[in-house]
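Dumped input.txt below, it's compact mmCIF, C-alpha atoms:
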```
# COMPACT_ATOMS: atom_id res chain seq x y z
CA MET A 240 0.00 0.00 0.00
CA SER A 241 1.26 3.46 -0.67
CA ILE A 242 -0.09 6.72 0.62
CA HIS A 243 -0.66 9.14 -2.20
CA LEU A 244 -2.39 11.91 -0.33
CA VAL A 245 -3.70 12.93 3.05
CA GLU A 246 -5.32 16.28 2.49
CA ASP A 247 -6.63 18.56 5.24
CA VAL A 248 -9.76 20.05 3.65
CA SER A 249 -10.91 21.99 6.70
CA ASP A 250 -11.43 25.75 6.63
CA ALA A 251 -11.50 28.57 9.19
CA THR A 252 -14.65 27.14 10.84
CA TYR A 253 -12.79 24.06 12.13
CA VAL A 254 -11.57 23.76 15.73
CA LEU A 255 -8.35 21.95 14.72
CA ASP A 256 -6.11 24.33 12.79
CA ARG A 257 -2.69 24.10 11.07
CA LEU A 258 -2.82 20.32 10.95
CA ASP A 259 0.29 18.40 9.90
CA ILE A 260 0.12 14.59 9.56
CA THR A 261 2.99 12.12 9.34
CA TRP A 262 2.68 8.37 8.59
CA THR A 263 5.46 6.01 9.69
CA PRO A 264 6.36 4.04 7.69
CA ALA A 265 5.54 6.25 4.73
CA ARG A 266 4.48 3.13 2.79
CA PRO A 267 2.46 1.02 5.26
CA TRP A 268 1.20 -2.46 4.37
CA LEU A 269 -2.14 -4.12 5.02
CA GLY A 270 -2.23 -6.03 8.30
CA HIS A 271 0.76 -4.12 9.69
CA GLN A 272 1.08 -1.27 12.15
CA VAL A 273 1.42 2.36 11.11
CA SER A 274 2.09 5.36 13.32
CA TRP A 275 -0.22 8.30 12.53
CA GLU A 276 1.17 11.49 14.09
CA MET A 277 -0.82 14.71 14.08
CA ASN A 278 0.40 18.15 15.08
CA GLY A 279 -1.95 21.09 15.07
CA HIS A 280 -3.48 23.90 17.05
CA LEU A 281 -6.80 23.66 18.90
CA LYS A 282 -8.80 26.89 18.85
CA GLU A 283 -10.74 25.71 21.92
CA SER A 284 -10.75 22.87 24.42
CA VAL A 285 -12.26 19.65 23.03
CA ASP A 286 -13.58 16.53 24.74
CA LEU A 287 -12.06 13.93 22.39
CA THR A 288 -14.23 11.19 23.92
CA ARG A 289 -17.29 12.97 22.48
CA VAL A 290 -15.89 13.65 18.98
CA THR A 291 -17.93 11.88 16.30
CA CYS A 292 -16.39 10.84 12.99
CA ASN A 293 -18.20 10.21 9.74
CA VAL A 294 -16.12 7.81 7.63
CA VAL A 295 -16.94 7.33 3.96
CA MET A 296 -14.81 4.79 2.09
CA LYS A 297 -15.07 4.60 -1.68
CA PHE A 298 -13.74 1.97 -4.05
CA GLY A 299 -13.76 3.82 -7.35
CA PRO A 300 -17.28 5.26 -7.70
CA VAL A 301 -18.77 2.67 -5.29
CA LYS A 302 -19.34 3.65 -1.67
CA MET A 303 -18.20 0.70 0.46
CA LEU A 304 -18.74 2.31 3.85
CA ASP A 305 -20.61 5.31 5.22
CA ARG A 306 -20.68 5.11 8.98
CA ASN A 307 -20.48 7.29 12.08
CA TYR A 308 -18.20 6.42 15.00
CA ARG A 309 -17.22 8.02 18.26
CA LEU A 310 -13.48 8.76 17.99
CA PRO A 311 -12.50 6.31 20.79
CA ASP A 312 -14.52 3.53 19.08
CA LEU A 313 -13.00 4.26 15.66
CA LEU A 314 -9.51 4.11 17.14
CA GLU A 315 -10.28 0.92 19.06
CA GLY A 316 -11.41 -0.70 15.80
CA VAL A 317 -7.88 -0.27 14.39
CA GLY A 318 -6.05 -1.23 17.59
CA ALA A 319 -5.39 2.26 18.96
CA SER A 320 -6.61 4.47 21.79
CA LEU A 321 -6.60 8.10 22.79
CA PRO A 322 -3.25 8.88 24.44
CA GLY A 323 -2.77 11.63 27.00
CA ASP A 324 -5.42 14.13 28.05
CA PRO A 325 -8.82 13.25 26.51
CA ARG A 326 -9.87 16.88 27.08
CA PRO A 327 -6.95 18.96 25.80
CA PRO A 328 -7.10 22.73 26.27
CA ALA A 329 -6.85 25.27 23.46
CA GLY A 330 -3.33 25.61 22.08
CA PRO A 331 -0.74 23.31 20.51
CA TRP A 332 -2.02 19.74 20.15
CA ARG A 333 -0.17 16.55 19.31
CA GLN A 334 -1.48 13.00 19.03
CA THR A 335 0.21 9.80 17.91
CA TRP A 336 -1.96 6.81 17.12
CA ASN A 337 -0.41 3.40 16.43
CA LEU A 338 -2.92 1.83 14.06
CA ARG A 339 -3.11 -1.70 12.65
CA LEU A 340 -4.35 -1.56 9.08
CA PRO A 341 -6.99 -4.22 8.36
CA GLU A 342 -5.99 -7.11 6.08
CA ALA A 343 -9.50 -7.59 4.72
CA VAL A 344 -9.50 -4.51 2.47
CA PRO A 345 -9.98 -5.16 -1.26
CA VAL A 346 -6.94 -4.67 -3.48
CA ALA A 347 -7.74 -1.40 -5.25
CA GLU A 348 -7.49 2.37 -5.02
CA HIS A 349 -9.58 3.75 -2.18
CA ARG A 350 -10.67 7.20 -1.11
CA ILE A 351 -11.54 7.81 2.53
CA LEU A 352 -13.42 10.94 3.54
CA LEU A 353 -13.16 11.59 7.27
CA ARG A 354 -15.25 14.36 8.82
CA ALA A 355 -15.28 14.88 12.58
CA ARG A 356 -17.40 17.07 14.85
CA THR A 357 -17.04 17.93 18.52
CA GLY A 358 -19.60 16.90 21.12
CA LEU A 359 -20.96 20.45 20.86
CA GLY A 360 -21.54 20.01 17.11
CA ARG A 361 -18.62 22.17 15.92
CA ASN A 362 -16.48 21.13 12.96
CA PHE A 363 -13.35 19.43 14.33
CA LEU A 364 -11.39 18.14 11.31
CA ALA A 365 -11.89 17.18 7.66
CA LEU A 366 -9.50 14.86 5.83
CA ASP A 367 -9.51 13.32 2.37
CA ILE A 368 -7.23 10.29 2.22
CA ALA A 369 -6.29 8.57 -1.04
CA LEU A 370 -4.87 5.06 -0.64
CA ASP A 371 -3.61 2.63 -3.23
CA PHE A 372 -3.75 -0.98 -2.02
CA ASN A 373 -2.17 -3.15 -4.68
CA ARG A 374 -0.47 -6.53 -4.87
CA ARG A 375 2.77 -5.15 -6.27
CA SER A 376 3.50 -3.16 -3.12
CA ARG A 377 5.69 -4.81 -0.51
CA PRO A 378 6.63 -3.62 2.95
CA ALA A 379 10.17 -2.32 3.27
CA PRO A 380 12.54 -4.93 4.72
CA PRO A 381 13.67 -4.32 8.30
CA SER A 382 16.69 -2.02 8.38
CA GLY A 383 20.00 -3.81 7.95
CA ARG A 384 18.41 -6.79 6.20
CA ALA A 385 18.38 -7.48 2.49
CA ALA A 386 15.08 -7.87 0.71
CA PRO A 387 14.15 -11.53 0.14
CA ARG A 388 15.09 -12.93 -3.26
CA VAL A 389 12.12 -13.69 -5.48
CA LEU A 390 12.48 -16.86 -7.55
CA HIS A 391 10.66 -16.93 -10.86
CA ALA A 392 9.29 -20.14 -12.40
CA GLN A 393 12.20 -20.51 -14.83
CA HIS A 394 14.65 -20.53 -11.88
CA LEU A 395 12.73 -23.20 -10.00
CA HIS A 396 12.63 -25.73 -12.80
CA GLY A 397 16.18 -25.28 -14.05
```

What is this file in structure tokens?
Amino acid sequence: MSIHLVEDVSDATYVLDRLDITWTPARPWLGHQVSWEMNGHLKESVDLTRVTCNVVMKFGPVKMLDRNYRLPDLLEGVGASLPGDPRPPAGPWRQTWNLRLPEAVPVAEHRILLRARTGLGRNFLALDIALDFNRRSRPAPPSGRAAPRVLHAQHLHG
């Protein structure tokens, strides 16, 4: 899987401002863990336990998922939880979520639209995420180790 784009599509009405997102590794793989780090600025205090997220996942023109989650439930579904203060004050804000990407996602290009609102109904964040899950992608080998050699049919049968 390769990440082509994580776009912050929020505007001045959103509580979370100046959002910067980093994925580690930059090319995560289905069924493996990825670290999702967000740095931004909260315009007001937010109760993260009451944030609701609308997740729309599209496979080409077909909508595969359109569901609402509470933020803690969404994170739990991918093996993560809310770290630190669940009610951060206004000011600089940083979160790191260690997510496990599901293995049961169809091999294809996907578009995920994530819209979140605070418990008070204010716009919290808006992200458009373009993902390309394909069979040709391979996770990077652990550092210091060579990539495994791939044997083609002509090599196996001499």

Taking only C-alpha atoms into account, which of A:Val248, A:Val273, A:Leu364, A:Leu370 comes nearest Asn337 of chain A?
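Comparing A:Val248, A:Val273, A:Leu364, A:Leu370 against Asn337 of chain A, the winner is A:Val273.
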
Any idea what's packed within 9 Å of Leu287 of chain A, counting all atoms listed in the file, ignoring anything in its chain fewer than 4 positions away? Could you give it as a list in words?
Thr291, Arg309, Leu310, Pro311, Leu321, Asp324, Pro325, Arg326, Pro327, Thr357 and Gly358 of chain A

Rounded to one decimal place, report the atom CA of Glu315 of chain A-atom CA of Lys282 of chain A distance in Å.
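Separating atom CA of Glu315 of chain A from atom CA of Lys282 of chain A is a distance of 26.0 Å.
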
Would you please work out which residue, of A:Arg333, A:Arg350, A:Arg306, A:Arg356, is nearest to Asp286 of chain A when using all atoms listed in the file?
A:Arg356

With distances taken over all atoms listed in the file, the candidate from A:Cys292, A:His280, A:Thr335, A:Trp275 nearest Val245 of chain A is A:Trp275

Nearest to Ala251 of chain A among A:Arg361, A:Asp367, A:Pro264, A:Ile351, with distances taken over only C-alpha atoms: which residue is it?
A:Arg361
